[in-house]
file upload_39.txt (compact mmCIF, C-alpha atoms and all ligand atoms)
# COMPACT_ATOMS: atom_id res chain seq x y z
CA MET A 1 3.56 60.14 -47.18
CA THR A 2 5.78 57.39 -45.90
CA GLY A 3 8.98 56.13 -47.45
CA ILE A 4 12.39 54.64 -46.87
CA VAL A 5 15.68 56.52 -47.13
CA TYR A 6 17.73 54.98 -49.93
CA LYS A 7 20.54 57.49 -50.03
CA SER A 8 21.76 60.39 -47.97
CA THR A 9 24.13 63.13 -48.97
CA GLY A 10 24.03 64.81 -45.59
CA SER A 11 21.61 67.55 -46.62
CA TRP A 12 19.36 65.74 -49.10
CA TYR A 13 17.76 62.36 -48.84
CA VAL A 14 16.49 60.09 -51.57
CA VAL A 15 13.28 58.56 -50.27
CA LYS A 16 11.27 55.84 -51.95
CA THR A 17 7.61 55.16 -51.19
CA ALA A 18 5.89 51.77 -51.15
CA SER A 19 4.60 52.50 -54.67
CA ASN A 20 8.22 52.96 -55.81
CA THR A 21 8.06 56.71 -56.33
CA VAL A 22 11.31 58.44 -55.50
CA TYR A 23 11.41 61.87 -53.88
CA LYS A 24 14.26 64.16 -53.06
CA CYS A 25 13.66 65.18 -49.48
CA ARG A 26 15.12 67.42 -46.84
CA ILE A 27 14.58 67.61 -43.12
CA LYS A 28 12.25 70.05 -41.51
CA GLY A 29 14.12 72.20 -39.04
CA LYS A 30 16.30 70.68 -36.34
CA PHE A 31 15.56 67.14 -35.64
CA ARG A 32 16.81 65.30 -32.65
CA ILE A 33 16.50 61.65 -31.88
CA GLN A 34 16.37 60.75 -28.24
CA GLY A 35 19.29 58.93 -26.76
CA ILE A 36 21.58 59.09 -29.78
CA LYS A 37 24.37 61.61 -30.05
CA SER A 38 24.78 61.45 -33.76
CA THR A 39 26.29 63.64 -36.44
CA ASN A 40 23.54 62.70 -38.88
CA PRO A 41 19.87 62.70 -37.96
CA LEU A 42 18.79 60.31 -40.69
CA ALA A 43 20.43 57.27 -42.22
CA VAL A 44 19.89 54.90 -45.10
CA GLY A 45 17.19 52.41 -44.15
CA ASP A 46 15.18 54.84 -42.02
CA SER A 47 11.44 54.85 -42.45
CA VAL A 48 10.17 58.43 -42.55
CA ASP A 49 7.01 60.50 -42.99
CA PHE A 50 7.15 63.54 -45.24
CA ASP A 51 5.01 66.20 -46.90
CA LEU A 52 5.35 67.35 -50.46
CA GLU A 53 6.22 70.90 -51.36
CA THR A 54 6.33 72.44 -54.84
CA LYS A 55 8.60 75.37 -55.60
CA ASN A 56 9.67 76.57 -59.05
CA ASN A 57 8.00 73.58 -60.64
CA GLU A 58 10.04 71.17 -58.54
CA THR A 59 8.33 68.87 -56.09
CA THR A 60 10.39 67.83 -53.12
CA GLY A 61 9.65 66.27 -49.78
CA VAL A 62 9.96 67.68 -46.28
CA ILE A 63 10.63 64.96 -43.73
CA HIS A 64 8.97 65.62 -40.40
CA THR A 65 8.94 62.24 -38.64
CA ILE A 66 11.23 59.27 -38.35
CA HIS A 67 9.80 55.93 -37.29
CA ASP A 68 11.49 53.93 -34.53
CA ARG A 69 14.54 52.06 -35.73
CA LYS A 70 14.59 48.30 -35.42
CA ASN A 71 18.40 48.49 -35.31
CA TYR A 72 21.25 50.60 -36.65
CA ILE A 73 24.97 50.41 -37.18
CA VAL A 74 27.30 53.26 -36.31
CA ARG A 75 30.77 54.48 -36.92
CA LYS A 76 32.52 56.48 -34.26
CA SER A 77 33.63 59.96 -35.19
CA VAL A 78 37.37 60.30 -35.31
CA ASN A 79 37.39 63.52 -33.34
CA LEU A 80 36.85 63.83 -29.62
CA SER A 81 33.21 64.87 -29.80
CA LYS A 82 32.26 61.25 -29.06
CA ARG A 83 29.44 61.55 -31.52
CA THR A 84 28.58 58.67 -33.74
CA HIS A 85 27.75 58.55 -37.40
CA ILE A 86 24.82 56.28 -38.14
CA ILE A 87 25.69 54.31 -41.25
CA ALA A 88 22.47 52.43 -41.84
CA SER A 89 19.35 51.25 -40.06
CA ASN A 90 16.58 48.64 -40.17
CA ILE A 91 18.84 45.90 -41.45
CA ASP A 92 17.17 42.49 -41.56
CA GLN A 93 20.30 40.39 -41.91
CA VAL A 94 24.01 40.40 -42.56
CA PHE A 95 25.81 37.75 -44.56
CA LEU A 96 29.33 37.32 -43.26
CA LEU A 97 31.56 35.81 -45.93
CA ILE A 98 34.29 33.55 -44.65
CA THR A 99 37.22 31.93 -46.42
CA LEU A 100 39.80 29.66 -44.78
CA ASN A 101 42.82 31.01 -46.60
CA ASN A 102 43.17 33.49 -49.43
CA PRO A 103 42.34 35.51 -47.35
CA PRO A 104 42.30 33.79 -43.95
CA THR A 105 39.30 34.46 -41.73
CA PHE A 106 40.18 33.61 -38.14
CA THR A 107 37.62 32.60 -35.54
CA GLY A 108 38.71 35.62 -33.49
CA PHE A 109 37.42 37.86 -36.27
CA ILE A 110 34.21 35.87 -36.75
CA ASP A 111 33.48 35.97 -33.00
CA ARG A 112 34.14 39.69 -32.72
CA PHE A 113 31.86 40.29 -35.68
CA LEU A 114 29.12 38.14 -34.15
CA VAL A 115 29.38 39.95 -30.82
CA THR A 116 28.86 43.21 -32.66
CA THR A 117 25.86 42.02 -34.63
CA GLU A 118 24.37 40.48 -31.47
CA ALA A 119 24.77 43.85 -29.78
CA TYR A 120 23.15 45.56 -32.76
CA GLN A 121 20.45 42.89 -32.85
CA ILE A 122 21.08 42.02 -36.46
CA LYS A 123 20.68 38.45 -37.62
CA THR A 124 23.89 37.05 -39.10
CA ILE A 125 24.24 34.22 -41.59
CA LEU A 126 27.69 32.72 -42.18
CA LEU A 127 28.60 32.09 -45.80
CA PHE A 128 31.60 29.86 -46.38
CA ASN A 129 32.65 31.04 -49.80
CA LYS A 130 35.08 29.61 -52.36
CA ILE A 131 34.14 26.02 -51.55
CA ASP A 132 35.22 25.17 -55.10
CA ASP A 133 38.74 25.99 -54.02
CA TYR A 134 39.36 23.65 -51.08
CA ASN A 135 41.07 20.29 -50.78
CA GLU A 136 39.70 17.51 -48.64
CA GLU A 137 41.45 18.61 -45.49
CA GLU A 138 40.28 22.18 -45.88
CA LEU A 139 36.72 21.07 -46.56
CA PHE A 140 36.90 19.14 -43.32
CA GLU A 141 37.83 22.31 -41.49
CA ILE A 142 34.96 24.16 -43.18
CA LYS A 143 32.58 21.44 -41.98
CA TYR A 144 34.00 21.74 -38.49
CA LEU A 145 33.44 25.51 -38.43
CA GLN A 146 29.91 25.08 -39.72
CA HIS A 147 29.25 22.56 -36.99
CA LEU A 148 30.72 24.89 -34.39
CA TYR A 149 28.64 27.91 -35.38
CA SER A 150 25.40 26.14 -36.22
CA LYS A 151 25.47 24.51 -32.79
CA ILE A 152 25.39 28.00 -31.29
CA GLY A 153 22.46 28.86 -33.51
CA TYR A 154 24.01 30.64 -36.48
CA GLU A 155 22.87 29.58 -39.89
CA CYS A 156 25.75 28.44 -42.10
CA MET A 157 25.86 27.95 -45.85
CA GLU A 158 28.49 26.78 -48.30
CA VAL A 159 28.79 28.86 -51.44
CA SER A 160 30.93 29.37 -54.45
CA ALA A 161 30.27 32.76 -55.94
CA ILE A 162 32.33 31.82 -58.97
CA GLU A 163 30.71 28.48 -59.70
CA GLY A 164 27.25 29.52 -58.62
CA ILE A 165 27.02 26.93 -55.84
CA GLY A 166 24.56 27.93 -53.13
CA VAL A 167 23.80 31.26 -54.78
CA SER A 168 20.10 30.49 -55.27
CA SER A 169 19.81 29.53 -51.59
CA VAL A 170 21.29 32.89 -50.62
CA LYS A 171 18.83 34.65 -52.93
CA GLU A 172 15.96 32.76 -51.35
CA LYS A 173 17.04 33.99 -47.92
CA MET A 174 17.06 37.55 -49.21
CA ILE A 175 13.47 37.70 -50.46
CA GLY A 176 11.44 40.42 -48.80
CA LYS A 177 14.42 41.55 -46.73
CA THR A 178 17.15 44.17 -46.48
CA SER A 179 20.57 42.53 -46.40
CA MET A 180 24.19 43.50 -46.06
CA PHE A 181 27.32 41.61 -47.06
CA ALA A 182 30.44 41.73 -44.92
CA GLY A 183 33.81 40.03 -44.62
CA HIS A 184 37.48 40.62 -45.18
CA SER A 185 38.72 42.18 -48.37
CA GLY A 186 39.00 39.48 -51.02
CA VAL A 187 36.53 36.96 -49.59
CA GLY A 188 34.32 37.48 -52.64
CA LYS A 189 31.62 39.98 -51.65
CA SER A 190 31.50 41.73 -55.03
CA THR A 191 31.67 38.43 -56.89
CA LEU A 192 28.76 37.06 -54.88
CA VAL A 193 26.61 40.17 -55.21
CA ASN A 194 27.31 40.05 -58.93
CA ALA A 195 26.21 36.43 -59.09
CA ILE A 196 23.04 37.34 -57.21
CA GLU A 197 22.22 40.40 -59.32
CA PRO A 198 24.34 40.83 -62.42
CA ASN A 199 22.86 44.25 -63.21
CA LEU A 200 23.56 45.82 -59.87
CA ASP A 201 27.06 46.74 -60.87
CA LEU A 202 25.66 48.79 -63.73
CA LYS A 203 23.16 50.58 -61.52
CA THR A 204 25.86 51.52 -59.05
CA LYS A 205 27.92 53.05 -61.80
CA GLU A 206 25.01 55.05 -63.22
CA ILE A 207 24.33 56.58 -59.87
CA SER A 208 27.91 57.45 -59.08
CA GLU A 209 28.31 59.02 -62.54
CA GLN A 210 25.48 61.41 -61.74
CA HIS A 211 27.14 62.39 -58.54
CA LYS A 212 30.57 63.07 -59.92
CA GLN A 213 29.91 66.80 -60.06
CA GLY A 214 30.58 67.11 -56.37
CA GLN A 215 34.01 65.45 -56.52
CA HIS A 216 34.14 64.97 -52.77
CA THR A 217 33.08 61.35 -52.76
CA THR A 218 32.13 60.87 -49.15
CA THR A 219 31.39 57.22 -48.55
CA PHE A 220 27.74 57.19 -47.68
CA ALA A 221 25.79 54.00 -47.50
CA GLU A 222 23.23 53.37 -50.17
CA MET A 223 20.33 51.02 -50.59
CA PHE A 224 19.53 49.17 -53.80
CA ASP A 225 16.40 47.35 -54.90
CA LEU A 226 17.13 44.04 -56.55
CA SER A 227 15.04 42.42 -59.27
CA PHE A 228 13.54 39.82 -56.93
CA ASP A 229 11.95 41.73 -54.03
CA ALA A 230 15.13 42.13 -52.04
CA ARG A 231 17.22 45.07 -50.93
CA ILE A 232 20.93 45.44 -50.38
CA ILE A 233 22.64 48.12 -48.33
CA ASP A 234 26.02 48.89 -49.75
CA THR A 235 28.53 50.59 -47.48
CA PRO A 236 31.48 51.56 -49.65
CA GLY A 237 34.71 52.05 -47.80
CA ILE A 238 33.32 50.72 -44.55
CA LYS A 239 35.22 47.54 -43.87
CA GLY A 240 34.38 46.30 -40.44
CA PHE A 241 31.32 46.88 -38.41
CA GLY A 242 32.80 49.21 -35.84
CA ILE A 243 33.01 48.48 -32.17
CA VAL A 244 29.93 48.96 -30.10
CA ASP A 245 30.30 50.45 -26.66
CA MET A 246 29.95 47.53 -24.33
CA GLU A 247 30.34 47.10 -20.63
CA LYS A 248 32.69 44.31 -19.64
CA GLU A 249 29.82 42.65 -17.81
CA GLU A 250 27.60 42.43 -20.87
CA ILE A 251 30.08 41.05 -23.42
CA GLY A 252 29.32 37.48 -22.35
CA ASP A 253 25.65 38.08 -23.05
CA PHE A 254 26.49 38.49 -26.72
CA PHE A 255 27.89 34.95 -26.80
CA PRO A 256 24.53 33.12 -26.97
CA GLU A 257 25.94 29.86 -25.61
CA PHE A 258 27.44 31.71 -22.61
CA PHE A 259 24.28 33.68 -21.99
CA GLU A 260 22.23 30.52 -22.01
CA ARG A 261 24.37 29.03 -19.20
CA LYS A 262 24.92 32.15 -17.15
CA GLN A 263 21.95 31.50 -14.88
CA ASP A 264 23.78 28.41 -13.61
CA CYS A 265 26.91 30.34 -12.61
CA LYS A 266 27.22 30.83 -8.85
CA PHE A 267 27.47 34.60 -9.17
CA ASN A 268 24.87 36.36 -11.26
CA ASN A 269 27.47 38.90 -12.41
CA CYS A 270 29.97 36.14 -13.25
CA LEU A 271 32.55 37.16 -15.87
CA HIS A 272 33.48 33.50 -16.42
CA ILE A 273 37.14 34.26 -15.75
CA ASP A 274 38.23 33.16 -12.30
CA GLU A 275 34.99 32.90 -10.39
CA PRO A 276 34.23 29.56 -8.70
CA LYS A 277 31.33 27.38 -9.84
CA CYS A 278 31.12 28.93 -13.29
CA ALA A 279 28.76 27.13 -15.66
CA VAL A 280 30.49 28.56 -18.73
CA LYS A 281 33.92 27.31 -17.68
CA ASP A 282 32.38 23.93 -16.82
CA ALA A 283 30.91 23.77 -20.32
CA ILE A 284 34.32 24.52 -21.82
CA GLU A 285 35.90 21.79 -19.68
CA ALA A 286 33.22 19.38 -20.91
CA ASP A 287 33.87 20.43 -24.51
CA GLU A 288 30.35 21.71 -24.90
CA ILE A 289 31.68 25.15 -25.73
CA PRO A 290 34.70 25.24 -28.06
CA TYR A 291 37.80 26.78 -26.58
CA SER A 292 38.15 29.12 -29.59
CA ARG A 293 34.98 30.91 -28.50
CA TYR A 294 36.26 31.37 -24.98
CA LYS A 295 39.60 32.60 -26.27
CA SER A 296 37.81 35.22 -28.39
CA TYR A 297 35.78 36.22 -25.38
CA LEU A 298 38.89 36.74 -23.24
CA GLN A 299 40.49 38.77 -26.01
CA ILE A 300 37.47 41.04 -26.32
CA ILE A 301 37.36 41.52 -22.55
CA ALA A 302 41.08 42.37 -22.49
CA GLY A 303 40.72 44.78 -25.41
CA ASP A 304 37.82 46.43 -23.70
CA GLU A 305 39.86 47.12 -20.59
CA GLU A 306 42.65 48.63 -22.62
CA HIS A 307 40.21 50.85 -24.48
CA TYR A 308 38.71 51.95 -21.20
CA ARG A 309 42.09 52.91 -19.76
CA VAL A 310 43.03 54.94 -22.82
CA ASP A 311 39.79 56.86 -22.53
CA GLU A 312 40.37 57.61 -18.88
CA TYR A 313 43.86 58.83 -19.62
CA LYS A 314 42.65 61.21 -22.31
CA ARG A 315 40.21 62.82 -19.97
CA GLU A 316 42.96 63.94 -17.57
N1 LIG A 401 37.82 30.17 -56.33
C1 LIG A 401 36.96 31.14 -56.02
N2 LIG A 401 37.35 32.42 -56.09
C2 LIG A 401 36.47 33.39 -55.80
C3 LIG A 401 35.14 33.10 -55.39
N3 LIG A 401 34.50 34.26 -55.13
C4 LIG A 401 35.39 35.23 -55.38
N4 LIG A 401 36.58 34.72 -55.78
C5 LIG A 401 37.79 35.47 -56.16
O1 LIG A 401 38.30 36.16 -55.04
C6 LIG A 401 38.85 37.41 -55.40
C7 LIG A 401 38.24 38.54 -54.60
O2 LIG A 401 36.85 38.64 -54.91
P1 LIG A 401 36.02 39.99 -54.70
O3 LIG A 401 34.61 39.69 -55.07
O4 LIG A 401 36.67 41.12 -55.37
O5 LIG A 401 36.16 40.17 -53.12
P2 LIG A 401 35.57 41.34 -52.17
O6 LIG A 401 35.19 40.69 -50.91
O7 LIG A 401 34.52 42.08 -52.90
O8 LIG A 401 36.85 42.23 -51.95
P3 LIG A 401 36.92 43.80 -51.55
O9 LIG A 401 36.24 44.55 -52.65
O10 LIG A 401 38.39 44.07 -51.45
O11 LIG A 401 36.24 43.94 -50.23
C8 LIG A 401 38.61 37.54 -56.90
O12 LIG A 401 39.78 37.16 -57.58
C9 LIG A 401 37.49 36.56 -57.17
O13 LIG A 401 37.52 36.06 -58.48
C10 LIG A 401 34.74 31.71 -55.34
O14 LIG A 401 33.61 31.34 -54.99
N5 LIG A 401 35.70 30.79 -55.65
ZN ZN A 402 30.38 32.08 -15.20

call {"tool": "encode", "arguments": {"input": "upload_39.txt", "output": "structure tokens", "more": "lines below"}}
Ligand SMILES: Nc1nc2c(ncn2[C@@H]2O[C@H](COP(=O)(O)OP(=O)(O)OP(=O)(O)O)[C@@H](O)[C@H]2O)c(=O)[nH]1
Ligand SMILES: [Zn+2]
result
Amino acid sequence: MTGIVYKSTGSWYVVKTASNTVYKCRIKGKFRIQGIKSTNPLAVGDSVDFDLETKNNETTGVIHTIHDRKNYIVRKSVNLSKRTHIIASNIDQVFLLITLNNPPTFTGFIDRFLVTTEAYQIKTILLFNKIDDYNEEELFEIKYLQHLYSKIGYECMEVSAIEGIGVSSVKEKMIGKTSMFAGHSGVGKSTLVNAIEPNLDLKTKEISEQHKQGQHTTTFAEMFDLSFDARIIDTPGIKGFGIVDMEKEEIGDFFPEFFERKQDCKFNNCLHIDEPKCAVKDAIEADEIPYSRYKSYLQIIAGDEEHYRVDEYKRE
């Protein structure tokens, strides 16, 4: 049988088949996935094959195969083992909610987020929420940001979770897909998800009630089916998207408008910092690439170096 992991407790997995039957499953023996040093072998979103087994009148599944992941997001372990915890996999798209103020979302944050999702190969759609709440000047800035990011190739939408503006367009985008919602605390994620699926809140509560027995409420991701052929992955307690390990040389490749121009740089390993005849810097001079993007890029590069040095120091 084949199914998708909807929930993981670490030892048991809730797996749903294409015919919507849910099985409690465990893993057969030790199970290693090539190339990933991970604390958990399976994550929410994984597609798996399993056999059924009946013991004491209870039928459970034994997972023996995991299908290749299209993508996955990780969280680094806090300890020194350098192992990663896979939060979720096979995500079709992430909606990043953005508000100008209340709370402010700076372009530095948006760009860092986009670099991460580019590295993870997850499509990102930018949702400018709370558009009911802006004055003319602020709306102008929202339009400017939309122009900036759509020019790079990111889809942008204006929404008001509270007034229901744009909500049906978001729902349309979600059909047949597995989506996640991200953004700073207070941008309106819960309000929007509620507007999309008013009953989801209830479902979430039902499930967590059942699991209260354990008390230790580890924040595991969980997948939910919505009423209109769409799935949401909820990652309680996971705010950002974690930092992916990136080489300094590849960060620019996750800025699509830099990557596109890189072939015209004099040096094929150009970092677009102080190299001569750099096509990216030329594009910034010509205002074809906004300076805010370049500034974010430099910040990420600088942060990366710092991170690298700290790691080296620890190893001594
Ligand atoms: N004016 C306006 N307010 C909104 C809108 N969407 C959400 N809010 C308000 O913003 C506040 C935060 O909304 P939440 O949905 O709790 O935000 P969140 O992103 O889920 O926040 P966390 O749970 O902390 O991550 C609430 O007071 C909402 O009523 C909107 O479209 N317009
Ligand atoms: Zn260059």

call {"tool": "closest_residue", "arguments": {"input": "upload_39.txt", "among": "A:Lys24, A:His184, A:Lys55, A:Lys177", "to": "A:Asn129", "atoms": "only C-alpha atoms"}}
result
A:His184

call {"tool": "closest_atom_pairs", "arguments": {"input": "upload_39.txt", "of": "chain A", "to": "ligand LIG 401 (chain A)", "cutoff": "7 Å", "atoms": "all atoms listed in the file", "output": "Markdown table"}}
result
| residue | atom | partner | partner_atom | distance |
| --- | --- | --- | --- | --- |
| A:Asn129 | CA | A:LIG401 | O14 | 5.3 |
| A:Lys130 | CA | A:LIG401 | O14 | 3.5 |
| A:Ile131 | CA | A:LIG401 | O14 | 6.4 |
| A:Asp132 | CA | A:LIG401 | N5 | 5.7 |
| A:Asp133 | CA | A:LIG401 | N1 | 4.9 |
| A:Val159 | CA | A:LIG401 | O14 | 6.5 |
| A:Ser160 | CA | A:LIG401 | O14 | 3.4 |
| A:Ala161 | CA | A:LIG401 | O14 | 3.8 |
| A:Ile162 | CA | A:LIG401 | O14 | 4.2 |
| A:Glu163 | CA | A:LIG401 | O14 | 6.2 |
| A:Gly183 | CA | A:LIG401 | O6 | 6.5 |
| A:His184 | CA | A:LIG401 | O11 | 6.2 |
| A:Ser185 | CA | A:LIG401 | O11 | 3.6 |
| A:Gly186 | CA | A:LIG401 | O5 | 3.6 |
| A:Val187 | CA | A:LIG401 | O6 | 4.2 |
| A:Gly188 | CA | A:LIG401 | O5 | 3.3 |
| A:Lys189 | CA | A:LIG401 | O6 | 3.7 |
| A:Ser190 | CA | A:LIG401 | O7 | 3.7 |
| A:Thr191 | CA | A:LIG401 | O3 | 3.7 |
| A:Leu192 | CA | A:LIG401 | N3 | 6.4 |

call {"tool": "residues_near_ligand", "arguments": {"input": "upload_39.txt", "ligand": "ligand ZN 402 (chain A)", "cutoff": "12 Å", "atoms": "only C-alpha atoms and all ligand atoms", "output": "mmCIF file with C-alpha atoms, keeping the file's coordinate frame"}}
result
data_model
loop_
_atom_site.group_PDB
_atom_site.id
_atom_site.type_symbol
_atom_site.label_atom_id
_atom_site.label_comp_id
_atom_site.auth_asym_id
_atom_site.auth_seq_id
_atom_site.Cartn_x
_atom_site.Cartn_y
_atom_site.Cartn_z
ATOM 1 C CA GLU A 249 29.820 42.650 -17.810
ATOM 2 C CA GLY A 252 29.320 37.480 -22.350
ATOM 3 C CA ASP A 253 25.650 38.080 -23.050
ATOM 4 C CA GLU A 257 25.940 29.860 -25.610
ATOM 5 C CA PHE A 258 27.440 31.710 -22.610
ATOM 6 C CA PHE A 259 24.280 33.680 -21.990
ATOM 7 C CA GLU A 260 22.230 30.520 -22.010
ATOM 8 C CA ARG A 261 24.370 29.030 -19.200
ATOM 9 C CA LYS A 262 24.920 32.150 -17.150
ATOM 10 C CA GLN A 263 21.950 31.500 -14.880
ATOM 11 C CA ASP A 264 23.780 28.410 -13.610
ATOM 12 C CA CYS A 265 26.910 30.340 -12.610
ATOM 13 C CA LYS A 266 27.220 30.830 -8.850
ATOM 14 C CA PHE A 267 27.470 34.600 -9.170
ATOM 15 C CA ASN A 268 24.870 36.360 -11.260
ATOM 16 C CA ASN A 269 27.470 38.900 -12.410
ATOM 17 C CA CYS A 270 29.970 36.140 -13.250
ATOM 18 C CA LEU A 271 32.550 37.160 -15.870
ATOM 19 C CA HIS A 272 33.480 33.500 -16.420
ATOM 20 C CA ILE A 273 37.140 34.260 -15.750
ATOM 21 C CA ASP A 274 38.230 33.160 -12.300
ATOM 22 C CA GLU A 275 34.990 32.900 -10.390
ATOM 23 C CA PRO A 276 34.230 29.560 -8.700
ATOM 24 C CA LYS A 277 31.330 27.380 -9.840
ATOM 25 C CA CYS A 278 31.120 28.930 -13.290
ATOM 26 C CA ALA A 279 28.760 27.130 -15.660
ATOM 27 C CA VAL A 280 30.490 28.560 -18.730
ATOM 28 C CA LYS A 281 33.920 27.310 -17.680
ATOM 29 C CA ASP A 282 32.380 23.930 -16.820
ATOM 30 C CA ALA A 283 30.910 23.770 -20.320
ATOM 31 C CA ILE A 284 34.320 24.520 -21.820
ATOM 32 C CA TYR A 294 36.260 31.370 -24.980
#

call {"tool": "closest_residue", "arguments": {"input": "upload_39.txt", "among": "A:Ala182, A:Ala195, A:Ile165, A:Val74", "to": "A:Thr105", "atoms": "only C-alpha atoms"}}
result
A:Ala182

call {"tool": "atom_distance", "arguments": {"input": "upload_39.txt", "atom1": "atom CA of A:Gly61", "atom2": "atom CA of A:Tyr13"}}
result
9.1 Å

call {"tool": "atom_distance", "arguments": {"input": "upload_39.txt", "atom1": "atom CA of A:Glu136", "atom2": "atom CA of A:Asn102"}}
result
16.4 Å

call {"tool": "atom_distance", "arguments": {"input": "upload_39.txt", "atom1": "atom CA of A:Tyr149", "atom2": "atom CA of A:Val170"}}
result
17.6 Å

call {"tool": "closest_residue", "arguments": {"input": "upload_39.txt", "among": "A:Glu118, A:Glu58, A:Asp46, A:Glu53", "to": "A:Lys70", "atoms": "only C-alpha atoms"}}
result
A:Asp46

call {"tool": "residues_around", "arguments": {"input": "upload_39.txt", "residues": "A:Lys123", "least_positions_apart": "6", "cutoff": "9 Å", "atoms": "only C-alpha atoms", "output": "PyMOL selection string"}}
result
chain A and resi 91-95+117+154

call {"tool": "axis_aligned_box", "arguments": {"input": "upload_39.txt", "around": "stretch 134-141 of chain A", "padding_each_side": "3 Å", "output": "JSON"}}
result
{"center_x": 39.1, "center_y": 20.6, "center_z": -46.3, "size_x": 10.7, "size_y": 12.1, "size_z": 15.6}

call {"tool": "closest_residue", "arguments": {"input": "upload_39.txt", "among": "A:Phe254, A:Lys28, A:Asn90, A:Tyr23", "to": "A:Thr60", "atoms": "all atoms listed in the file"}}
result
A:Tyr23

call {"tool": "closest_residue", "arguments": {"input": "upload_39.txt", "among": "A:Asn57, A:Pro104, A:Ala221, A:Arg293", "to": "A:Ile86", "atoms": "all atoms listed in the file"}}
result
A:Ala221

call {"tool": "closest_residue", "arguments": {"input": "upload_39.txt", "among": "A:Ser179, A:Thr21, A:Ser150, A:Thr59", "to": "A:Val193", "atoms": "only C-alpha atoms"}}
result
A:Ser179

call {"tool": "residues_near_point", "arguments": {"input": "upload_39.txt", "point": "(15.3, 48.9, -44.5)", "cutoff": "12 Å", "atoms": "all atoms listed in the file", "output": "VMD selection string"}}
result
chain A and resid 3 to 7 15 to 18 43 to 48 67 to 72 88 to 93 176 to 180 222 to 225 230 to 234
